[in-house]
$ cat query35.cif   # mmCIF, C-alpha atoms
data_protein
#
loop_
_atom_site.label_atom_id
_atom_site.label_comp_id
_atom_site.auth_asym_id
_atom_site.auth_seq_id
_atom_site.Cartn_x
_atom_site.Cartn_y
_atom_site.Cartn_z
CA MET A 27 -8.42 -8.93 -3.51
CA ALA A 28 -8.02 -10.29 0.02
CA ASP A 29 -8.52 -8.08 3.06
CA LEU A 30 -5.29 -6.82 4.61
CA ILE A 31 -6.85 -6.87 8.09
CA SER A 32 -8.87 -9.97 8.96
CA LYS A 33 -12.44 -9.92 10.26
CA LYS A 34 -11.19 -11.52 13.49
CA THR A 35 -8.80 -8.64 14.17
CA ARG A 36 -11.42 -6.05 13.30
CA LEU A 37 -13.90 -7.71 15.66
CA GLU A 38 -11.44 -7.78 18.58
CA PHE A 39 -10.57 -4.10 18.18
CA ARG A 40 -14.27 -3.32 17.87
CA GLU A 41 -14.92 -5.07 21.19
CA TYR A 42 -12.22 -2.92 22.81
CA PHE A 43 -14.17 0.17 21.75
CA VAL A 44 -17.35 -1.26 23.30
CA GLY A 45 -15.71 -0.52 26.64
CA THR A 46 -15.27 3.17 25.76
CA THR A 47 -17.76 5.91 24.80
CA LEU A 48 -19.38 6.99 21.56
CA ARG A 49 -17.48 10.26 21.76
CA HIS A 50 -14.16 8.46 22.21
CA ILE A 51 -14.87 6.20 19.21
CA SER A 52 -15.69 9.17 16.98
CA GLN A 53 -12.61 11.05 18.14
CA GLU A 54 -10.27 8.14 17.41
CA PHE A 55 -11.61 7.35 13.93
CA ASP A 56 -12.08 10.98 12.94
CA ALA A 57 -8.54 11.81 14.02
CA ALA A 58 -7.28 9.15 11.59
CA ASP A 59 -9.46 10.56 8.76
CA VAL A 60 -11.54 7.39 8.57
CA PRO A 61 -14.88 8.14 6.85
CA CYS A 62 -18.15 7.08 8.46
CA ASN A 63 -21.05 5.42 6.65
CA SER A 64 -23.83 6.77 8.84
CA GLU A 65 -26.50 5.13 6.66
CA TYR A 66 -25.30 1.63 7.53
CA GLN A 67 -27.53 -0.04 10.11
CA TYR A 68 -25.72 -2.63 12.22
CA PRO A 69 -28.13 -5.61 12.57
CA GLU A 70 -27.25 -6.33 16.21
CA SER A 71 -27.88 -4.24 19.30
CA GLY A 72 -25.32 -1.87 20.77
CA ALA A 73 -24.74 1.76 19.82
CA ARG A 74 -20.97 1.56 20.23
CA ARG A 75 -20.62 -1.60 18.15
CA GLY A 76 -22.88 -0.03 15.56
CA LEU A 77 -20.78 3.15 15.37
CA VAL A 78 -17.53 1.20 14.88
CA GLU A 79 -19.22 -0.84 12.13
CA GLN A 80 -20.33 2.36 10.42
CA TYR A 81 -16.69 3.40 10.21
CA TYR A 82 -15.64 -0.09 9.09
CA HIS A 83 -18.24 -0.14 6.32
CA ALA A 84 -16.80 3.04 4.82
CA VAL A 85 -13.40 1.36 4.46
CA ASP A 86 -12.01 -0.91 1.73
CA PHE A 87 -9.94 -3.38 3.73
CA SER A 88 -8.19 -4.63 0.59
CA SER A 89 -6.83 -1.12 -0.04
CA TRP A 90 -3.54 -0.21 1.61
CA ARG A 91 -4.55 3.45 1.45
CA ASP A 92 -7.63 2.79 3.59
CA VAL A 93 -5.94 0.25 5.85
CA ARG A 94 -3.24 2.78 6.78
CA LYS A 95 -5.95 4.92 8.37
CA ILE A 96 -7.37 2.00 10.36
CA LEU A 97 -3.89 1.08 11.55
CA ARG A 98 -3.51 4.59 12.95
CA VAL A 99 -6.65 3.98 15.00
CA TYR A 100 -5.28 0.63 16.16
CA GLU A 101 -1.95 2.23 17.07
CA SER A 102 -3.79 4.64 19.35
CA VAL A 103 -5.54 1.70 21.02
CA MET A 104 -2.28 -0.18 21.58
CA ILE A 105 -0.57 2.92 22.99
CA ALA A 106 -3.45 3.52 25.40
CA LEU A 107 -3.32 -0.08 26.61
CA GLU A 108 0.46 0.09 27.03
CA ASP A 109 0.12 3.24 29.10
CA ARG A 110 -2.44 1.52 31.34
CA ILE A 111 -0.08 -1.42 31.82
CA LYS A 112 2.86 0.80 32.70
CA GLN A 113 0.87 3.19 34.89
CA PRO A 114 -2.31 1.51 36.19
CA LEU A 115 -5.01 3.95 37.23
CA THR A 116 -5.61 2.19 40.53
CA GLY A 117 -1.96 1.62 41.26
CA GLN A 118 -2.49 -2.12 40.95
CA LYS A 119 -1.84 -4.49 38.08
CA ASP A 120 -4.30 -3.84 35.23
CA GLU A 121 -5.11 -7.39 34.15
CA TYR A 122 -7.70 -6.28 31.59
CA ALA A 123 -5.18 -4.03 29.82
CA GLU A 124 -2.53 -6.76 29.80
CA ARG A 125 -4.92 -9.40 28.52
CA THR A 126 -6.41 -7.15 25.85
CA PHE A 127 -3.03 -5.83 24.70
CA SER A 128 -1.70 -9.38 24.33
CA LEU A 129 -4.78 -10.50 22.39
CA LEU A 130 -4.74 -7.58 19.98
CA LYS A 131 -1.00 -7.91 19.43
CA ARG A 132 -1.44 -11.59 18.50
CA CYS A 133 -4.27 -10.71 16.12
CA LEU A 134 -2.08 -8.15 14.37
CA GLU A 135 0.78 -10.62 14.10
CA ARG A 136 -1.49 -13.24 12.53
CA ASP A 137 -2.42 -10.66 9.91
CA GLY A 138 1.23 -9.97 9.15
CA PHE A 139 1.78 -6.83 11.23
CA HIS A 140 4.24 -6.02 14.00
CA TYR A 141 3.57 -3.61 16.85
CA PHE A 142 6.53 -1.94 18.53
CA ASP A 143 7.13 1.42 20.20
CA GLY A 144 3.76 2.86 19.23
CA LYS A 145 3.92 1.83 15.58
CA ILE A 146 2.22 -0.94 13.61
CA THR A 147 4.32 -1.96 10.63
CA PRO A 148 3.60 -4.52 7.91
CA VAL A 149 5.71 -7.66 7.82
CA ALA A 150 3.95 -9.77 5.22
CA HIS A 151 2.83 -6.93 2.95
CA ASN A 152 4.75 -4.71 0.57
CA PRO A 153 3.39 -1.16 0.99
CA THR A 154 4.90 -0.04 -2.31
CA ILE A 155 3.10 -2.78 -4.22
CA ASP A 156 -0.10 -2.06 -2.34
CA ASP A 157 0.14 1.64 -3.18
CA LEU A 158 0.44 0.67 -6.83
CA SER A 159 -2.52 -1.67 -6.45
CA ASP A 160 -4.61 1.25 -5.17
CA ALA A 161 -3.62 3.35 -8.18
CA ALA A 162 -4.40 0.50 -10.56
CA ARG A 163 -7.81 0.04 -8.96
CA ALA A 164 -8.66 3.67 -9.61
CA LEU A 165 -7.91 3.18 -13.32
CA ASP A 166 -9.47 -0.31 -13.51
CA ALA A 167 -6.22 -1.77 -14.86
CA HIS A 168 -7.06 -5.49 -14.82
CA VAL A 169 -3.81 -6.73 -16.40
CA LEU A 170 -1.79 -4.70 -13.93
CA HIS A 171 -3.66 -6.35 -11.04
CA GLN A 172 -2.68 -9.76 -12.42
CA GLN A 173 0.97 -8.72 -12.56
CA ILE A 174 0.84 -7.34 -9.01
CA ASP A 175 -0.63 -10.62 -7.76
CA ARG A 176 2.05 -12.57 -9.65
CA ILE A 177 4.80 -10.50 -8.04
CA ARG A 178 3.34 -11.02 -4.57
CA ALA A 179 3.20 -14.77 -5.13
CA SER A 180 6.66 -15.15 -6.66
CA ILE A 181 8.99 -12.65 -5.02
CA ASP A 182 10.21 -15.17 -2.42
CA ASP A 183 9.66 -18.49 -4.17
CA ASP A 184 10.50 -17.53 -7.77
CA PRO A 185 12.64 -14.35 -7.85
CA ASP A 186 13.34 -14.71 -11.58
CA LEU A 187 9.61 -14.56 -12.34
CA ALA A 188 9.23 -11.53 -10.06
CA ILE A 189 12.01 -9.70 -11.92
CA GLY A 190 10.49 -10.50 -15.30
CA THR A 191 7.06 -9.40 -14.14
CA ALA A 192 8.49 -6.16 -12.67
CA LYS A 193 9.65 -5.18 -16.15
CA GLU A 194 6.27 -6.12 -17.66
CA LEU A 195 4.57 -4.09 -14.93
CA VAL A 196 6.35 -0.90 -16.06
CA GLU A 197 5.40 -1.63 -19.67
CA THR A 198 1.73 -2.14 -18.77
CA THR A 199 1.68 1.03 -16.66
CA CYS A 200 3.01 3.13 -19.53
CA LYS A 201 0.68 1.56 -22.12
CA THR A 202 -2.33 2.14 -19.85
CA ILE A 203 -1.47 5.81 -19.37
CA LEU A 204 -0.70 6.35 -23.06
CA ALA A 205 -4.03 4.76 -24.04
CA ASP A 206 -5.87 7.21 -21.76
CA TYR A 207 -4.21 10.03 -23.71
CA GLY A 208 -5.15 8.47 -27.03
CA VAL A 209 -1.60 7.39 -27.85
CA GLN A 210 -1.20 3.93 -29.39
CA ALA A 211 2.06 2.33 -28.27
CA GLU A 212 3.96 0.81 -31.17
CA SER A 213 5.01 -2.84 -30.97
CA SER A 214 8.64 -1.85 -31.56
CA TRP A 215 8.81 0.33 -28.45
CA ASP A 216 10.89 -1.18 -25.68
CA VAL A 217 10.38 -0.36 -22.01
CA THR A 218 12.74 2.63 -22.14
CA ARG A 219 10.82 4.15 -25.06
CA LEU A 220 7.50 3.46 -23.33
CA VAL A 221 8.64 5.31 -20.19
CA LYS A 222 9.88 8.20 -22.33
CA GLU A 223 6.53 8.50 -24.13
CA ALA A 224 4.57 8.24 -20.86
CA ARG A 225 6.71 10.95 -19.32
CA ALA A 226 6.05 13.14 -22.35
CA VAL A 227 2.24 12.95 -22.17
CA LEU A 228 2.41 13.54 -18.41
CA ARG A 229 4.73 16.53 -18.96
CA LEU A 230 7.40 14.94 -16.80
CA VAL A 231 10.29 15.75 -19.11
CA PRO A 232 12.97 18.07 -17.71
CA GLU A 233 12.15 20.72 -20.32
CA ASP A 234 8.72 21.18 -18.71
CA ILE A 235 10.29 22.36 -15.44
CA PRO A 236 10.88 26.12 -15.56
CA ASP A 237 14.35 27.32 -14.57
CA SER A 238 12.73 29.68 -12.07
CA ALA A 239 11.16 26.79 -10.11
CA LYS A 240 12.69 26.17 -6.69
CA GLY A 241 15.13 23.27 -6.92
CA SER A 242 14.63 23.08 -10.69
CA GLU A 243 18.04 21.53 -11.33
CA ILE A 244 17.41 18.76 -8.81
CA ILE A 245 13.93 18.12 -10.21
CA LYS A 246 15.30 17.93 -13.75
CA ARG A 247 18.01 15.49 -12.66
CA VAL A 248 15.51 13.22 -10.91
CA LEU A 249 13.20 13.23 -13.93
CA SER A 250 16.10 12.44 -16.24
CA ASN A 251 16.95 9.42 -14.12
CA LEU A 252 13.40 8.04 -14.19
CA GLY A 253 13.99 6.19 -17.43
CA GLN A 254 17.18 4.65 -16.07
CA ILE A 255 15.13 2.73 -13.51
CA SER A 256 13.21 0.93 -16.22
CA GLN A 257 16.37 0.34 -18.21
CA GLY A 258 18.07 -1.26 -15.21
CA VAL A 259 15.11 -3.54 -14.54
CA ALA A 260 15.02 -4.52 -18.22
CA GLU A 261 18.71 -5.43 -18.13
CA LEU A 262 18.22 -7.49 -14.98
CA ARG A 263 15.32 -9.23 -16.65
CA ASN A 264 17.43 -10.00 -19.71
CA LEU A 265 20.18 -11.49 -17.56
CA TYR A 266 18.20 -13.33 -14.92
CA GLY A 267 14.47 -12.90 -15.31
CA THR A 268 11.91 -14.99 -17.14
CA GLY A 269 11.26 -14.51 -20.82
CA HIS A 270 14.72 -15.35 -22.15
CA GLY A 271 16.42 -18.71 -22.49
CA ARG A 272 19.45 -19.20 -20.24
CA ASP A 273 22.16 -21.75 -19.70
CA SER A 274 20.67 -24.59 -17.62
CA ARG A 275 23.61 -24.28 -15.21
CA SER A 276 23.15 -20.56 -14.62
CA ARG A 277 21.93 -19.41 -11.24
CA GLY A 278 19.16 -16.89 -10.72
CA LEU A 279 19.10 -14.04 -8.26
CA SER A 280 17.86 -14.21 -4.69
CA PRO A 281 14.64 -12.72 -3.27
CA ARG A 282 16.56 -9.66 -2.07
CA HIS A 283 17.59 -8.88 -5.66
CA ALA A 284 14.02 -9.42 -6.81
CA ARG A 285 12.79 -7.02 -4.12
CA LEU A 286 15.19 -4.38 -5.42
CA ALA A 287 13.87 -4.75 -8.97
CA VAL A 288 10.27 -4.81 -7.78
CA ALA A 289 10.77 -1.80 -5.50
CA CYS A 290 12.24 0.26 -8.36
CA SER A 291 9.52 -0.77 -10.80
CA THR A 292 6.61 -0.23 -8.42
CA ALA A 293 7.97 3.12 -7.23
CA LEU A 294 8.21 4.32 -10.83
CA ALA A 295 4.82 2.91 -11.80
CA THR A 296 3.11 4.40 -8.74
CA PHE A 297 4.63 7.81 -9.42
CA LEU A 298 3.46 7.71 -13.05
CA PHE A 299 -0.06 6.60 -12.09
CA GLU A 300 -0.40 9.20 -9.32
CA THR A 301 0.83 11.91 -11.67
CA HIS A 302 -1.71 10.74 -14.25
CA GLU A 303 -4.49 10.88 -11.64
CA ALA A 304 -3.44 14.38 -10.55
CA ARG A 305 -3.44 15.59 -14.15
CA GLN A 306 -6.95 14.20 -14.69
CA GLN A 307 -8.28 15.87 -11.56
CA ARG A 308 -7.05 19.24 -12.77
CA THR A 309 -9.04 18.91 -15.98
CA VAL A 310 -12.33 17.97 -14.24
#
$ encode --input "query35.cif" --output "structure tokens"
Amino acid sequence: MADLISKKTRLEFREYFVGTTLRHISQEFDAADVPCNSEYQYPESGARRGLVEQYYHAVDFSSWRDVRKILRVYESVMIALEDRIKQPLTGQKDEYAERTFSLLKRCLERDGFHYFDGKITPVAHNPTIDDLSDAARALDAHVLHQQIDRIRASIDDDPDLAIGTAKELVETTCKTILADYGVQAESSWDVTRLVKEARAVLRLVPEDIPDSAKGSEIIKRVLSNLGQISQGVAELRNLYGTGHGRDSRSRGLSPRHARLAVACSTALATFLFETHEARQQRTV
């Protein structure tokens, strides 16, 4: 999968840190919980460049989970530069801060991010889909990766395909989880039945929530509604998505409708995968 932050942007932020100290670099990356690969030896000279690269080499830049941490570091850099612009240390215009801030902001924008008011937010990426991609990577779900890539490529240009794939994505998620529990999904099971069976093996049915648990009624209601998400996506797919013949004069839905279907499907799939991962960790 492609990197979410380009090498160009990483290099420019690295060069900003060259003008700081080793202690400052460690503080910034450690504060964002970025791991450090201390065994990596940067081939060029420069202790500060080398230290930044050791942090970079411990990060998977195609993983939204890892990239979030790096963006926190970059946010701190942008805030510091903004402060220098607003309140120059010498009382005069800080041309370095202005020039560097502008450069880094352009780099972020080229990568599909927007910086405003101390926050870097994704514009071109869908965090929900990327969260699901991280979960799929942990379980080596190859087919799911293909569906995620198809959704990314079609959500704006082919909303009907995105809606159809969103329904398939839920099906694949449930089948993958069931297989890990030794349950063979039957060919007659529709998406609603698949979600029901996945919830059962993950002990996500309302009956598994004790009445004494805090907020038990709310938890039970939310769990009961989980299956309705998949049912709604399936109905949308039947009406507008790919996989069923339609009148040639019928009109499909717009990207905003596709995003709704995709958001529901990926939120459900991510929750199921993360629950599955948590259950596995408890048994190790």
$ closest_residue --input "query35.cif" --among "A:Leu97, A:Ala84, A:His171, A:Asp182" --to "A:His140" --atoms "all atoms listed in the file"
A:Leu97
$ atom_distance --input "query35.cif" --atom1 "atom CA of A:Glu303" --atom2 "atom CA of A:Ile174"
19.2 Å
$ residues_near_point --input "query35.cif" --point "(1.6, 8.3, -17.5)" --cutoff "6 Å" --atoms "all atoms listed in the file" --output "JSON, numbers by chain"
{"A": [200, 203, 224, 228, 298, 299, 302]}
$ closest_residue --input "query35.cif" --among "A:Gln210, A:Asn264, A:Thr301, A:Asn251" --to "A:Leu187" --atoms "only C-alpha atoms"
A:Asn264
$ resolve_selection --input "query35.cif" --expression "the PyMOL selection byres ((chain A and resi 219) around 12)" --output "ChimeraX atom specification"
/A:196-197,200-201,204,211-218,220-226,252-254,256-257,260
$ residues_around --input "query35.cif" --residues "A:Gln172" --least-positions-apart "5" --cutoff "10 Å" --atoms "all atoms listed in the file" --output "PyMOL selection string"
chain A and resi 167+177-178+191+195
$ residues_around --input "query35.cif" --residues "A:Val259" --least-positions-apart "5" --cutoff "10 Å" --atoms "all atoms listed in the file" --output "number ranges by chain"
A: 189-194, 196, 217, 254, 264-265, 267, 284, 286-288, 290-291
$ write_last_selection --input "query35.cif" --atoms "C-alpha atoms" --output "mmCIF file, keeping the file's coordinate frame"
data_model
loop_
_atom_site.group_PDB
_atom_site.id
_atom_site.type_symbol
_atom_site.label_atom_id
_atom_site.label_comp_id
_atom_site.auth_asym_id
_atom_site.auth_seq_id
_atom_site.Cartn_x
_atom_site.Cartn_y
_atom_site.Cartn_z
ATOM 1 C CA ILE A 189 12.010 -9.700 -11.920
ATOM 2 C CA GLY A 190 10.490 -10.500 -15.300
ATOM 3 C CA THR A 191 7.060 -9.400 -14.140
ATOM 4 C CA ALA A 192 8.490 -6.160 -12.670
ATOM 5 C CA LYS A 193 9.650 -5.180 -16.150
ATOM 6 C CA GLU A 194 6.270 -6.120 -17.660
ATOM 7 C CA VAL A 196 6.350 -0.900 -16.060
ATOM 8 C CA VAL A 217 10.380 -0.360 -22.010
ATOM 9 C CA GLN A 254 17.180 4.650 -16.070
ATOM 10 C CA ASN A 264 17.430 -10.000 -19.710
ATOM 11 C CA LEU A 265 20.180 -11.490 -17.560
ATOM 12 C CA GLY A 267 14.470 -12.900 -15.310
ATOM 13 C CA ALA A 284 14.020 -9.420 -6.810
ATOM 14 C CA LEU A 286 15.190 -4.380 -5.420
ATOM 15 C CA ALA A 287 13.870 -4.750 -8.970
ATOM 16 C CA VAL A 288 10.270 -4.810 -7.780
ATOM 17 C CA CYS A 290 12.240 0.260 -8.360
ATOM 18 C CA SER A 291 9.520 -0.770 -10.800
#
$ closest_residue --input "query35.cif" --among "A:Ala293, A:Ala73, A:Ile105, A:Ala304" --to "A:Thr46" --atoms "only C-alpha atoms"
A:Ala73
$ atom_distance --input "query35.cif" --atom1 "atom CA of A:Asp56" --atom2 "atom CA of A:Ile96"
10.5 Å
$ axis_aligned_box --input "query35.cif" --around "stretch 195-200 of chain A" --padding-each-side "3 Å" --output "JSON"
{"center_x": 4.0, "center_y": -0.5, "center_z": -17.3, "size_x": 10.7, "size_y": 13.2, "size_z": 10.7}
$ residues_around --input "query35.cif" --residues "A:Leu48" --least-positions-apart "2" --cutoff "8 Å" --atoms "only C-alpha atoms" --output "list of chain:residue names"
A:Thr46, A:His50, A:Ile51, A:Ser52, A:Ala73, A:Arg74, A:Leu77
$ decode --input "query35.cif" --residues "stretch 286-298 of chain A" --atoms "all heavy atoms" --output "PDB file, in the first residue's frame"
ATOM      1  N   LEU A 286     -21.894   7.380   3.006  1.00  0.00           N
ATOM      2  CA  LEU A 286     -22.720   6.947   4.134  1.00  0.00           C
ATOM      3  C   LEU A 286     -22.692   5.428   4.252  1.00  0.00           C
ATOM      4  O   LEU A 286     -22.488   4.888   5.348  1.00  0.00           O
ATOM      5  CB  LEU A 286     -24.160   7.432   3.954  1.00  0.00           C
ATOM      6  CG  LEU A 286     -25.171   6.951   5.012  1.00  0.00           C
ATOM      7  CD1 LEU A 286     -24.782   7.462   6.392  1.00  0.00           C
ATOM      8  CD2 LEU A 286     -26.576   7.417   4.642  1.00  0.00           C
ATOM      9  N   ALA A 287     -22.900   4.734   3.141  1.00  0.00           N
ATOM     10  CA  ALA A 287     -22.879   3.269   3.150  1.00  0.00           C
ATOM     11  C   ALA A 287     -21.512   2.745   3.556  1.00  0.00           C
ATOM     12  O   ALA A 287     -21.396   1.813   4.363  1.00  0.00           O
ATOM     13  CB  ALA A 287     -23.273   2.730   1.769  1.00  0.00           C
ATOM     14  N   VAL A 288     -20.468   3.353   3.005  1.00  0.00           N
ATOM     15  CA  VAL A 288     -19.105   2.923   3.308  1.00  0.00           C
ATOM     16  C   VAL A 288     -18.765   3.194   4.771  1.00  0.00           C
ATOM     17  O   VAL A 288     -18.155   2.365   5.450  1.00  0.00           O
ATOM     18  CB  VAL A 288     -18.099   3.621   2.373  1.00  0.00           C
ATOM     19  CG1 VAL A 288     -16.670   3.403   2.854  1.00  0.00           C
ATOM     20  CG2 VAL A 288     -18.267   3.117   0.942  1.00  0.00           C
ATOM     21  N   ALA A 289     -19.168   4.359   5.265  1.00  0.00           N
ATOM     22  CA  ALA A 289     -18.881   4.705   6.665  1.00  0.00           C
ATOM     23  C   ALA A 289     -19.533   3.707   7.616  1.00  0.00           C
ATOM     24  O   ALA A 289     -18.914   3.269   8.593  1.00  0.00           O
ATOM     25  CB  ALA A 289     -19.364   6.123   6.967  1.00  0.00           C
ATOM     26  N   CYS A 290     -20.793   3.346   7.340  1.00  0.00           N
ATOM     27  CA  CYS A 290     -21.489   2.378   8.194  1.00  0.00           C
ATOM     28  C   CYS A 290     -20.806   1.019   8.141  1.00  0.00           C
ATOM     29  O   CYS A 290     -20.575   0.377   9.168  1.00  0.00           O
ATOM     30  CB  CYS A 290     -22.945   2.250   7.743  1.00  0.00           C
ATOM     31  SG  CYS A 290     -23.971   3.704   8.064  1.00  0.00           S
ATOM     32  N   SER A 291     -20.481   0.577   6.932  1.00  0.00           N
ATOM     33  CA  SER A 291     -19.879  -0.744   6.761  1.00  0.00           C
ATOM     34  C   SER A 291     -18.500  -0.818   7.402  1.00  0.00           C
ATOM     35  O   SER A 291     -18.172  -1.788   8.094  1.00  0.00           O
ATOM     36  CB  SER A 291     -19.778  -1.095   5.276  1.00  0.00           C
ATOM     37  OG  SER A 291     -21.060  -1.202   4.704  1.00  0.00           O
ATOM     38  N   THR A 292     -17.674   0.196   7.165  1.00  0.00           N
ATOM     39  CA  THR A 292     -16.315   0.159   7.703  1.00  0.00           C
ATOM     40  C   THR A 292     -16.314   0.313   9.219  1.00  0.00           C
ATOM     41  O   THR A 292     -15.477  -0.285   9.902  1.00  0.00           O
ATOM     42  CB  THR A 292     -15.444   1.254   7.065  1.00  0.00           C
ATOM     43  OG1 THR A 292     -16.093   2.524   7.168  1.00  0.00           O
ATOM     44  CG2 THR A 292     -15.183   0.949   5.600  1.00  0.00           C
ATOM     45  N   ALA A 293     -17.247   1.107   9.755  1.00  0.00           N
ATOM     46  CA  ALA A 293     -17.328   1.240  11.215  1.00  0.00           C
ATOM     47  C   ALA A 293     -17.684  -0.096  11.848  1.00  0.00           C
ATOM     48  O   ALA A 293     -17.090  -0.504  12.855  1.00  0.00           O
ATOM     49  CB  ALA A 293     -18.364   2.299  11.588  1.00  0.00           C
ATOM     50  N   LEU A 294     -18.650  -0.800  11.249  1.00  0.00           N
ATOM     51  CA  LEU A 294     -19.049  -2.107  11.763  1.00  0.00           C
ATOM     52  C   LEU A 294     -17.909  -3.110  11.631  1.00  0.00           C
ATOM     53  O   LEU A 294     -17.578  -3.829  12.577  1.00  0.00           O
ATOM     54  CB  LEU A 294     -20.286  -2.604  11.019  1.00  0.00           C
ATOM     55  CG  LEU A 294     -20.730  -4.038  11.316  1.00  0.00           C
ATOM     56  CD1 LEU A 294     -21.011  -4.224  12.800  1.00  0.00           C
ATOM     57  CD2 LEU A 294     -21.956  -4.396  10.484  1.00  0.00           C
ATOM     58  N   ALA A 295     -17.293  -3.151  10.447  1.00  0.00           N
ATOM     59  CA  ALA A 295     -16.217  -4.114  10.207  1.00  0.00           C
ATOM     60  C   ALA A 295     -15.034  -3.862  11.139  1.00  0.00           C
ATOM     61  O   ALA A 295     -14.436  -4.808  11.678  1.00  0.00           O
ATOM     62  CB  ALA A 295     -15.781  -4.046   8.743  1.00  0.00           C
ATOM     63  N   THR A 296     -14.672  -2.590  11.324  1.00  0.00           N
ATOM     64  CA  THR A 296     -13.556  -2.260  12.210  1.00  0.00           C
ATOM     65  C   THR A 296     -13.854  -2.686  13.641  1.00  0.00           C
ATOM     66  O   THR A 296     -12.996  -3.249  14.335  1.00  0.00           O
ATOM     67  CB  THR A 296     -13.257  -0.750  12.166  1.00  0.00           C
ATOM     68  OG1 THR A 296     -12.958  -0.368  10.819  1.00  0.00           O
ATOM     69  CG2 THR A 296     -12.075  -0.401  13.047  1.00  0.00           C
ATOM     70  N   PHE A 297     -15.068  -2.426  14.094  1.00  0.00           N
ATOM     71  CA  PHE A 297     -15.453  -2.815  15.450  1.00  0.00           C
ATOM     72  C   PHE A 297     -15.368  -4.334  15.626  1.00  0.00           C
ATOM     73  O   PHE A 297     -14.853  -4.828  16.640  1.00  0.00           O
ATOM     74  CB  PHE A 297     -16.866  -2.332  15.754  1.00  0.00           C
ATOM     75  CG  PHE A 297     -17.375  -2.752  17.106  1.00  0.00           C
ATOM     76  CD1 PHE A 297     -16.840  -2.218  18.262  1.00  0.00           C
ATOM     77  CD2 PHE A 297     -18.379  -3.701  17.223  1.00  0.00           C
ATOM     78  CE1 PHE A 297     -17.300  -2.606  19.519  1.00  0.00           C
ATOM     79  CE2 PHE A 297     -18.849  -4.096  18.471  1.00  0.00           C
ATOM     80  CZ  PHE A 297     -18.305  -3.552  19.615  1.00  0.00           C
ATOM     81  N   LEU A 298     -15.838  -5.087  14.638  1.00  0.00           N
ATOM     82  CA  LEU A 298     -15.792  -6.543  14.720  1.00  0.00           C
ATOM     83  C   LEU A 298     -14.347  -7.040  14.737  1.00  0.00           C
ATOM     84  O   LEU A 298     -13.982  -7.912  15.536  1.00  0.00           O
ATOM     85  CB  LEU A 298     -16.554  -7.168  13.544  1.00  0.00           C
ATOM     86  CG  LEU A 298     -18.076  -6.967  13.538  1.00  0.00           C
ATOM     87  CD1 LEU A 298     -18.679  -7.511  12.249  1.00  0.00           C
ATOM     88  CD2 LEU A 298     -18.722  -7.632  14.746  1.00  0.00           C
TER      89      LEU A 298
END
